[in-house]
$ cat protein_10.cif   # mmCIF, C-alpha atoms
data_my_file
#
loop_
_atom_site.label_atom_id
_atom_site.label_comp_id
_atom_site.auth_asym_id
_atom_site.auth_seq_id
_atom_site.Cartn_x
_atom_site.Cartn_y
_atom_site.Cartn_z
CA MET I 1 128.61 165.43 169.65
CA THR I 2 126.58 163.61 172.28
CA GLN I 3 123.31 164.94 170.88
CA GLU I 4 124.31 163.93 167.34
CA MET I 5 125.20 160.42 168.51
CA THR I 6 121.88 160.14 170.35
CA GLU I 7 119.95 161.21 167.26
CA THR I 8 121.91 158.77 165.12
CA ILE I 9 121.16 155.85 167.44
CA ALA I 10 117.51 156.85 167.75
CA ASN I 11 117.16 157.04 163.98
CA THR I 12 119.01 153.80 163.35
CA ILE I 13 117.02 151.54 165.69
CA PRO I 14 113.56 152.29 164.25
CA ARG I 15 114.82 151.79 160.69
CA ALA I 16 116.29 148.43 161.65
CA ARG I 17 113.01 147.38 163.18
CA VAL I 18 111.08 148.55 160.13
CA ARG I 19 113.37 146.61 157.82
CA ARG I 20 112.84 143.53 159.96
CA ARG I 21 109.08 143.93 159.99
CA LEU I 22 108.86 144.64 156.28
CA SER I 23 110.99 141.69 155.22
CA ALA I 24 109.97 140.77 151.69
CA VAL I 25 110.25 137.05 152.40
CA GLY I 26 108.06 137.36 155.48
CA ILE I 27 105.43 139.36 153.64
CA VAL I 28 105.30 136.81 150.83
CA ALA I 29 105.14 133.92 153.29
CA PHE I 30 102.27 135.44 155.26
CA SER I 31 100.48 136.34 152.04
CA VAL I 32 100.71 132.76 150.82
CA LEU I 33 99.48 131.49 154.19
CA ALA I 34 96.56 133.92 154.01
CA VAL I 35 95.61 132.44 150.65
CA TYR I 36 95.76 128.92 152.09
CA VAL I 37 93.60 129.91 155.05
CA LEU I 38 91.11 131.56 152.71
CA LEU I 39 91.01 128.47 150.51
CA ALA I 40 90.49 126.31 153.60
CA PHE I 41 87.22 128.17 154.13
CA ILE I 42 86.01 128.69 150.58
CA GLY I 43 87.93 125.99 148.69
CA PRO I 44 85.13 123.40 148.76
CA LEU I 45 82.71 126.08 147.52
CA ILE I 46 84.69 127.11 144.43
CA THR I 47 85.78 123.71 143.12
CA PRO I 48 84.98 123.23 139.42
CA PHE I 49 83.49 119.80 140.20
CA HIS I 50 82.56 117.92 143.34
CA PRO I 51 85.84 116.51 144.69
CA ASN I 52 84.42 113.00 145.00
CA GLU I 53 82.45 112.91 141.74
CA LEU I 54 83.54 110.03 139.53
CA ASN I 55 84.12 110.09 135.77
CA VAL I 56 83.90 113.85 135.31
CA GLY I 57 86.67 113.38 132.77
CA PRO I 58 88.86 110.67 131.28
CA ARG I 59 90.67 108.42 133.71
CA LEU I 60 94.26 109.50 134.26
CA GLY I 61 93.65 112.44 131.96
CA MET I 62 96.53 114.82 131.39
CA PRO I 63 96.25 118.46 132.48
CA SER I 64 94.21 120.45 129.97
CA ALA I 65 92.22 123.66 129.60
CA GLU I 66 89.18 121.96 131.18
CA PHE I 67 91.05 119.99 133.84
CA TRP I 68 93.98 122.15 134.93
CA PHE I 69 95.53 119.48 137.16
CA GLY I 70 94.24 116.53 135.12
CA THR I 71 92.08 113.70 136.44
CA ASP I 72 92.92 110.73 138.64
CA ALA I 73 92.43 107.00 138.10
CA LEU I 74 88.71 107.31 138.89
CA GLY I 75 88.13 110.26 136.59
CA ARG I 76 87.91 112.78 139.46
CA ASP I 77 89.08 116.34 138.88
CA GLN I 78 92.48 116.79 140.50
CA LEU I 79 92.11 120.57 140.92
CA SER I 80 88.86 120.11 142.84
CA ARG I 81 90.42 117.50 145.08
CA VAL I 82 93.52 119.60 145.76
CA LEU I 83 91.35 122.58 146.73
CA ALA I 84 89.27 120.35 149.00
CA ALA I 85 92.41 118.84 150.58
CA ILE I 86 93.57 122.22 151.89
CA GLN I 87 90.76 122.38 154.46
CA PRO I 88 91.59 119.23 156.45
CA ALA I 89 95.31 119.98 156.19
CA VAL I 90 94.96 123.45 157.70
CA ALA I 91 92.38 122.31 160.27
CA ALA I 92 94.50 119.41 161.50
CA ALA I 93 97.68 121.49 161.82
CA VAL I 94 95.97 124.36 163.64
CA ALA I 95 93.99 122.07 165.98
CA ALA I 96 97.03 119.95 166.82
CA THR I 97 99.21 123.00 167.48
CA ALA I 98 96.52 124.63 169.61
CA LEU I 99 96.12 121.48 171.71
CA ALA I 100 99.88 121.13 172.21
CA LEU I 101 100.23 124.85 172.98
CA VAL I 102 97.50 124.97 175.63
CA ALA I 103 98.28 121.66 177.32
CA GLY I 104 102.05 122.13 177.16
CA THR I 105 101.84 125.69 178.50
CA VAL I 106 99.67 124.62 181.44
CA LEU I 107 101.96 121.71 182.34
CA GLY I 108 105.11 123.79 181.92
CA LEU I 109 103.76 126.63 184.04
CA ILE I 110 102.71 124.29 186.84
CA ALA I 111 106.04 122.48 186.82
CA GLY I 112 108.17 125.61 186.66
CA PHE I 113 106.09 127.66 189.09
CA TRP I 114 105.47 125.16 191.88
CA GLY I 115 108.57 122.99 191.50
CA GLY I 116 109.26 120.20 193.97
CA ARG I 117 107.35 116.95 193.63
CA ILE I 118 104.90 118.40 191.12
CA ASP I 119 107.77 119.47 188.88
CA ASN I 120 109.40 116.08 189.25
CA LEU I 121 106.18 114.22 188.35
CA ILE I 122 105.43 116.35 185.28
CA SER I 123 109.06 116.18 184.15
CA ARG I 124 109.04 112.38 184.33
CA ILE I 125 105.83 112.22 182.29
CA VAL I 126 107.31 114.57 179.69
CA ASP I 127 110.54 112.53 179.57
CA PHE I 128 108.51 109.36 179.08
CA LEU I 129 106.64 110.89 176.14
CA PHE I 130 109.91 112.14 174.67
CA ALA I 131 111.34 108.62 174.87
CA ILE I 132 108.69 107.27 172.50
CA PRO I 133 109.29 107.99 168.79
CA GLU I 134 106.84 110.67 167.72
CA TYR I 135 105.14 108.85 164.85
CA LEU I 136 104.95 105.64 166.87
CA LEU I 137 103.24 107.56 169.70
CA ALA I 138 100.80 109.13 167.23
CA ILE I 139 99.97 105.73 165.73
CA LEU I 140 99.47 104.26 169.22
CA VAL I 141 97.03 107.05 170.05
CA LEU I 142 95.20 106.52 166.76
CA ALA I 143 95.05 102.79 167.43
CA ILE I 144 93.06 103.65 170.56
CA LEU I 145 90.96 106.50 169.17
CA GLY I 146 90.57 105.31 165.59
CA SER I 147 91.41 107.09 162.34
CA GLY I 148 89.88 110.34 161.18
CA LEU I 149 90.67 114.04 161.01
CA ILE I 150 89.82 114.92 164.63
CA ASN I 151 91.56 111.89 166.10
CA ALA I 152 94.66 112.52 163.97
CA ALA I 153 94.79 116.12 165.20
CA ILE I 154 94.49 114.93 168.81
CA ALA I 155 97.25 112.37 168.30
CA ILE I 156 99.60 114.95 166.77
CA GLY I 157 98.78 117.42 169.54
CA ILE I 158 99.65 114.85 172.21
CA VAL I 159 102.94 114.13 170.45
CA PHE I 160 104.00 117.79 170.56
CA ILE I 161 102.84 118.60 174.11
CA PRO I 162 106.27 117.72 175.62
CA ARG I 163 108.01 120.29 173.38
CA PHE I 164 105.88 123.12 174.73
CA ALA I 165 105.92 121.81 178.31
CA ARG I 166 109.70 121.63 178.48
CA THR I 167 110.19 125.05 176.91
CA VAL I 168 107.63 126.73 179.18
CA ARG I 169 109.02 125.02 182.28
CA SER I 170 112.55 126.22 181.53
CA ALA I 171 111.40 129.77 180.77
CA THR I 172 109.21 129.87 183.88
CA GLN I 173 112.04 128.75 186.14
CA GLU I 174 114.28 131.44 184.70
CA ILE I 175 111.65 134.14 185.28
CA MET I 176 110.88 132.93 188.81
CA ALA I 177 114.50 133.55 189.80
CA ARG I 178 114.31 137.26 188.93
CA ASN I 179 114.11 140.03 191.51
CA TYR I 180 110.74 141.43 190.51
CA ILE I 181 109.12 138.06 191.27
CA SER I 182 110.54 138.20 194.80
CA ALA I 183 109.31 141.77 195.12
CA ALA I 184 105.82 140.74 193.99
CA ARG I 185 105.76 137.95 196.57
CA LEU I 186 106.92 140.26 199.35
CA SER I 187 104.18 142.72 198.42
CA GLY I 188 101.58 140.01 199.03
CA ARG I 189 100.71 139.15 195.44
CA GLY I 190 99.16 135.72 194.97
CA ARG I 191 100.45 132.94 192.77
CA LEU I 192 97.78 133.38 190.12
CA TRP I 193 98.48 137.12 189.88
CA ILE I 194 102.22 136.55 189.51
CA MET I 195 101.65 133.86 186.93
CA THR I 196 99.31 135.93 184.76
CA ARG I 197 101.00 139.32 185.20
CA HIS I 198 104.68 138.39 185.18
CA VAL I 199 105.29 134.87 183.89
CA LEU I 200 102.88 134.52 180.97
CA PRO I 201 103.68 137.88 179.31
CA ASN I 202 107.40 137.08 179.42
CA ILE I 203 107.06 133.69 177.73
CA THR I 204 104.65 134.79 175.00
CA SER I 205 107.32 135.55 172.40
CA PRO I 206 109.09 132.17 172.53
CA LEU I 207 105.72 130.44 172.59
CA VAL I 208 104.63 132.18 169.40
CA VAL I 209 107.85 131.16 167.66
CA ILE I 210 107.59 127.55 168.85
CA ALA I 211 103.94 127.42 167.81
CA ALA I 212 104.85 128.62 164.31
CA ILE I 213 107.56 125.98 164.01
CA ASN I 214 105.29 123.25 165.34
CA LEU I 215 102.57 124.29 162.92
CA SER I 216 104.82 123.19 160.08
CA MET I 217 105.73 119.97 161.88
CA SER I 218 102.06 119.26 162.63
CA GLU I 219 101.21 119.74 158.97
CA GLY I 220 103.93 117.31 157.94
CA ALA I 221 102.90 114.81 160.61
CA TYR I 222 99.27 114.90 159.50
CA ALA I 223 100.27 114.36 155.87
CA ALA I 224 102.38 111.38 156.94
CA LEU I 225 99.53 109.88 158.95
CA SER I 226 97.16 110.49 156.06
CA PHE I 227 99.65 108.80 153.76
CA LEU I 228 99.43 105.75 156.04
CA GLY I 229 95.62 105.85 155.98
CA PHE I 230 94.92 107.56 159.33
CA GLY I 231 93.62 110.85 157.92
CA VAL I 232 90.19 111.72 156.55
CA ARG I 233 88.22 108.73 155.44
CA PRO I 234 87.96 107.91 151.71
CA PRO I 235 86.76 109.11 149.30
CA ASN I 236 87.42 112.56 150.82
CA ALA I 237 90.50 114.32 149.50
CA ASP I 238 93.67 114.66 151.53
CA PHE I 239 97.23 115.48 150.51
CA GLY I 240 98.73 112.39 152.11
CA SER I 241 96.19 109.98 150.61
CA MET I 242 96.38 111.64 147.20
CA ILE I 243 100.17 111.30 147.19
CA ALA I 244 99.88 107.67 148.33
CA ASP I 245 97.36 106.87 145.58
CA SER I 246 99.53 108.46 142.90
CA LEU I 247 102.62 106.38 143.73
CA GLN I 248 101.29 103.29 142.00
CA TYR I 249 101.20 105.27 138.75
CA LEU I 250 104.64 106.81 139.22
CA SER I 251 106.23 104.88 136.36
CA THR I 252 103.46 105.58 133.83
CA ASP I 253 101.68 108.79 134.93
CA ALA I 254 104.18 110.58 137.18
CA TRP I 255 102.45 113.93 136.64
CA LEU I 256 99.63 112.68 138.92
CA LEU I 257 101.93 113.20 141.91
CA VAL I 258 102.85 116.79 141.06
CA PRO I 259 99.69 118.84 141.97
CA PRO I 260 99.10 117.56 145.54
CA ALA I 261 102.83 117.37 146.31
CA ALA I 262 103.55 120.86 144.97
CA VAL I 263 100.64 122.51 146.83
CA PHE I 264 101.61 120.69 150.04
CA VAL I 265 105.31 121.58 149.78
CA LEU I 266 104.43 125.23 149.11
CA MET I 267 102.30 125.26 152.26
CA ILE I 268 105.10 123.82 154.38
CA LEU I 269 107.60 126.27 152.90
CA ALA I 270 105.31 129.24 153.59
CA ILE I 271 104.79 128.14 157.21
CA ASN I 272 108.53 127.72 157.77
CA LEU I 273 109.37 131.11 156.26
CA ALA I 274 106.60 132.76 158.28
CA GLY I 275 107.99 131.12 161.41
CA ASP I 276 111.45 132.48 160.61
CA ALA I 277 109.97 135.95 160.14
CA LEU I 278 108.22 135.72 163.52
CA ARG I 279 111.44 134.60 165.16
CA ASP I 280 113.29 137.59 163.70
CA LEU I 281 110.57 139.92 164.97
CA LEU I 282 110.21 138.52 168.47
CA ASP I 283 113.70 137.26 169.32
CA PRO I 284 115.82 140.19 170.49
CA LYS I 285 119.00 138.15 169.98
CA SER I 286 118.33 137.51 166.30
CA THR I 287 120.43 139.43 163.82
CA ILE I 288 118.86 142.27 161.89
#

$ encode --input "protein_10.cif" --output "structure tokens"
Amino acid sequence: MTQEMTETIANTIPRARVRRRLSAVGIVAFSVLAVYVLLAFIGPLITPFHPNELNVGPRLGMPSAEFWFGTDALGRDQLSRVLAAIQPAVAAAVAATALALVAGTVLGLIAGFWGGRIDNLISRIVDFLFAIPEYLLAILVLAILGSGLINAAIAIGIVFIPRFARTVRSATQEIMARNYISAARLSGRGRLWIMTRHVLPNITSPLVVIAAINLSMSEGAYAALSFLGFGVRPPNADFGSMIADSLQYLSTDAWLLVPPAAVFVLMILAINLAGDALRDLLDPKSTI
């Protein structure tokens, strides 16, 4: 009976993990994201027309066989502009998340590992940043740096640094209280060795999940800043600016809003679903 129970448990756990890894929703989400990443690289090369070329078709032309997404108020091809808008959207979200991840991880590790006055100083800085509304902080940074894709990514990254710093600090403090850390110290291991061999590997999973979630939030934040005019400079295409430009024609040519909004919403949805799939894979407490 014991052997049968052991075999049953051993056979059940791998199947559960396989089902989790082969989640249909996760596969679709990652596939859609792969298409977006691919289009971010090759999108500007496969556009039917130059995204900024004027009067390639009738102004405010309806979608047709020649212009699948129609044309805007300046006669520019909407499909070409939507394809071109994917590149800055993906670049801004990835750059902002990478900046927040690296800076927040470093600050959180230092605060959680050393503690004392250093922890207190970093915690007060993080609390101060948390106290400022996120979009207001991003706009303040952009007021100093100026508008543009790179500056918008930096501003969004700064906004999300406290999220990573607080999470890493809490996880680091929890790990530092474990017995194997005390054993490593007693054996003469240095701080850098303990940090790289014990702390970082144990906080990788939550960091990946948080990064996936913040990727979606960074994408939304960049679109909002672009909507307000802080994104790529005109006449370059951007989801936020395209949506903003289409609002003035909402009562007469509402279809103009659909292509950029639909492609943007699909991107956000794919990122969120991919983040959920990563959480299910990496979080041992998540349900199967």

$ resolve_selection --input "protein_10.cif" --expression "the PyMOL selection byres ((chain I and resi 211-226) around 7)" --output "PyMOL selection string"
chain I and resi 89+92-94+96-97+101+152+156+207-210+227-231+239-241+268+271-272+275

$ resolve_selection --input "protein_10.cif" --expression "the PyMOL selection byres ((chain I and resi 74-81) around 10)" --output "number ranges by chain"
I: 43-61, 63, 66-73, 82-86, 236-239, 242, 256, 259-260

$ write_last_selection --input "protein_10.cif" --atoms "C-alpha atoms" --output "PDB file, in the frame of the given file"
ATOM      1  CA  GLY I  43      87.930 125.990 148.690  1.00  0.00           C
ATOM      2  CA  PRO I  44      85.130 123.400 148.760  1.00  0.00           C
ATOM      3  CA  LEU I  45      82.710 126.080 147.520  1.00  0.00           C
ATOM      4  CA  ILE I  46      84.690 127.110 144.430  1.00  0.00           C
ATOM      5  CA  THR I  47      85.780 123.710 143.120  1.00  0.00           C
ATOM      6  CA  PRO I  48      84.980 123.230 139.420  1.00  0.00           C
ATOM      7  CA  PHE I  49      83.490 119.800 140.200  1.00  0.00           C
ATOM      8  CA  HIS I  50      82.560 117.920 143.340  1.00  0.00           C
ATOM      9  CA  PRO I  51      85.840 116.510 144.690  1.00  0.00           C
ATOM     10  CA  ASN I  52      84.420 113.000 145.000  1.00  0.00           C
ATOM     11  CA  GLU I  53      82.450 112.910 141.740  1.00  0.00           C
ATOM     12  CA  LEU I  54      83.540 110.030 139.530  1.00  0.00           C
ATOM     13  CA  ASN I  55      84.120 110.090 135.770  1.00  0.00           C
ATOM     14  CA  VAL I  56      83.900 113.850 135.310  1.00  0.00           C
ATOM     15  CA  GLY I  57      86.670 113.380 132.770  1.00  0.00           C
ATOM     16  CA  PRO I  58      88.860 110.670 131.280  1.00  0.00           C
ATOM     17  CA  ARG I  59      90.670 108.420 133.710  1.00  0.00           C
ATOM     18  CA  LEU I  60      94.260 109.500 134.260  1.00  0.00           C
ATOM     19  CA  GLY I  61      93.650 112.440 131.960  1.00  0.00           C
ATOM     20  CA  PRO I  63      96.250 118.460 132.480  1.00  0.00           C
ATOM     21  CA  GLU I  66      89.180 121.960 131.180  1.00  0.00           C
ATOM     22  CA  PHE I  67      91.050 119.990 133.840  1.00  0.00           C
ATOM     23  CA  TRP I  68      93.980 122.150 134.930  1.00  0.00           C
ATOM     24  CA  PHE I  69      95.530 119.480 137.160  1.00  0.00           C
ATOM     25  CA  GLY I  70      94.240 116.530 135.120  1.00  0.00           C
ATOM     26  CA  THR I  71      92.080 113.700 136.440  1.00  0.00           C
ATOM     27  CA  ASP I  72      92.920 110.730 138.640  1.00  0.00           C
ATOM     28  CA  ALA I  73      92.430 107.000 138.100  1.00  0.00           C
ATOM     29  CA  VAL I  82      93.520 119.600 145.760  1.00  0.00           C
ATOM     30  CA  LEU I  83      91.350 122.580 146.730  1.00  0.00           C
ATOM     31  CA  ALA I  84      89.270 120.350 149.000  1.00  0.00           C
ATOM     32  CA  ALA I  85      92.410 118.840 150.580  1.00  0.00           C
ATOM     33  CA  ILE I  86      93.570 122.220 151.890  1.00  0.00           C
ATOM     34  CA  ASN I 236      87.420 112.560 150.820  1.00  0.00           C
ATOM     35  CA  ALA I 237      90.500 114.320 149.500  1.00  0.00           C
ATOM     36  CA  ASP I 238      93.670 114.660 151.530  1.00  0.00           C
ATOM     37  CA  PHE I 239      97.230 115.480 150.510  1.00  0.00           C
ATOM     38  CA  MET I 242      96.380 111.640 147.200  1.00  0.00           C
ATOM     39  CA  LEU I 256      99.630 112.680 138.920  1.00  0.00           C
ATOM     40  CA  PRO I 259      99.690 118.840 141.970  1.00  0.00           C
ATOM     41  CA  PRO I 260      99.100 117.560 145.540  1.00  0.00           C
TER      42      PRO I 260
END

$ closest_residue --input "protein_10.cif" --among "I:Val126, I:Ala270, I:Ile139, I:Ile27" --to "Ala103 in chain I" --atoms "all atoms listed in the file"
I:Val126

$ residues_around --input "protein_10.cif" --residues "Met195 in chain I" --least-positions-apart "3" --cutoff "12 Å" --atoms "only C-alpha atoms" --output "PDB file with C-alpha atoms, in the coordinates of the input"
ATOM      1  CA  THR I 105     101.840 125.690 178.500  1.00  0.00           C
ATOM      2  CA  VAL I 106      99.670 124.620 181.440  1.00  0.00           C
ATOM      3  CA  GLY I 108     105.110 123.790 181.920  1.00  0.00           C
ATOM      4  CA  LEU I 109     103.760 126.630 184.040  1.00  0.00           C
ATOM      5  CA  ILE I 110     102.710 124.290 186.840  1.00  0.00           C
ATOM      6  CA  GLY I 112     108.170 125.610 186.660  1.00  0.00           C
ATOM      7  CA  PHE I 113     106.090 127.660 189.090  1.00  0.00           C
ATOM      8  CA  TRP I 114     105.470 125.160 191.880  1.00  0.00           C
ATOM      9  CA  THR I 172     109.210 129.870 183.880  1.00  0.00           C
ATOM     10  CA  GLN I 173     112.040 128.750 186.140  1.00  0.00           C
ATOM     11  CA  ILE I 175     111.650 134.140 185.280  1.00  0.00           C
ATOM     12  CA  MET I 176     110.880 132.930 188.810  1.00  0.00           C
ATOM     13  CA  ILE I 181     109.120 138.060 191.270  1.00  0.00           C
ATOM     14  CA  ALA I 184     105.820 140.740 193.990  1.00  0.00           C
ATOM     15  CA  ARG I 185     105.760 137.950 196.570  1.00  0.00           C
ATOM     16  CA  ARG I 189     100.710 139.150 195.440  1.00  0.00           C
ATOM     17  CA  GLY I 190      99.160 135.720 194.970  1.00  0.00           C
ATOM     18  CA  ARG I 191     100.450 132.940 192.770  1.00  0.00           C
ATOM     19  CA  LEU I 192      97.780 133.380 190.120  1.00  0.00           C
ATOM     20  CA  HIS I 198     104.680 138.390 185.180  1.00  0.00           C
ATOM     21  CA  VAL I 199     105.290 134.870 183.890  1.00  0.00           C
ATOM     22  CA  LEU I 200     102.880 134.520 180.970  1.00  0.00           C
ATOM     23  CA  PRO I 201     103.680 137.880 179.310  1.00  0.00           C
ATOM     24  CA  ASN I 202     107.400 137.080 179.420  1.00  0.00           C
ATOM     25  CA  ILE I 203     107.060 133.690 177.730  1.00  0.00           C
TER      26      ILE I 203
END

$ atom_distance --input "protein_10.cif" --atom1 "CA of Val37 in chain I" --atom2 "CA of Val90 in chain I"
7.1 Å
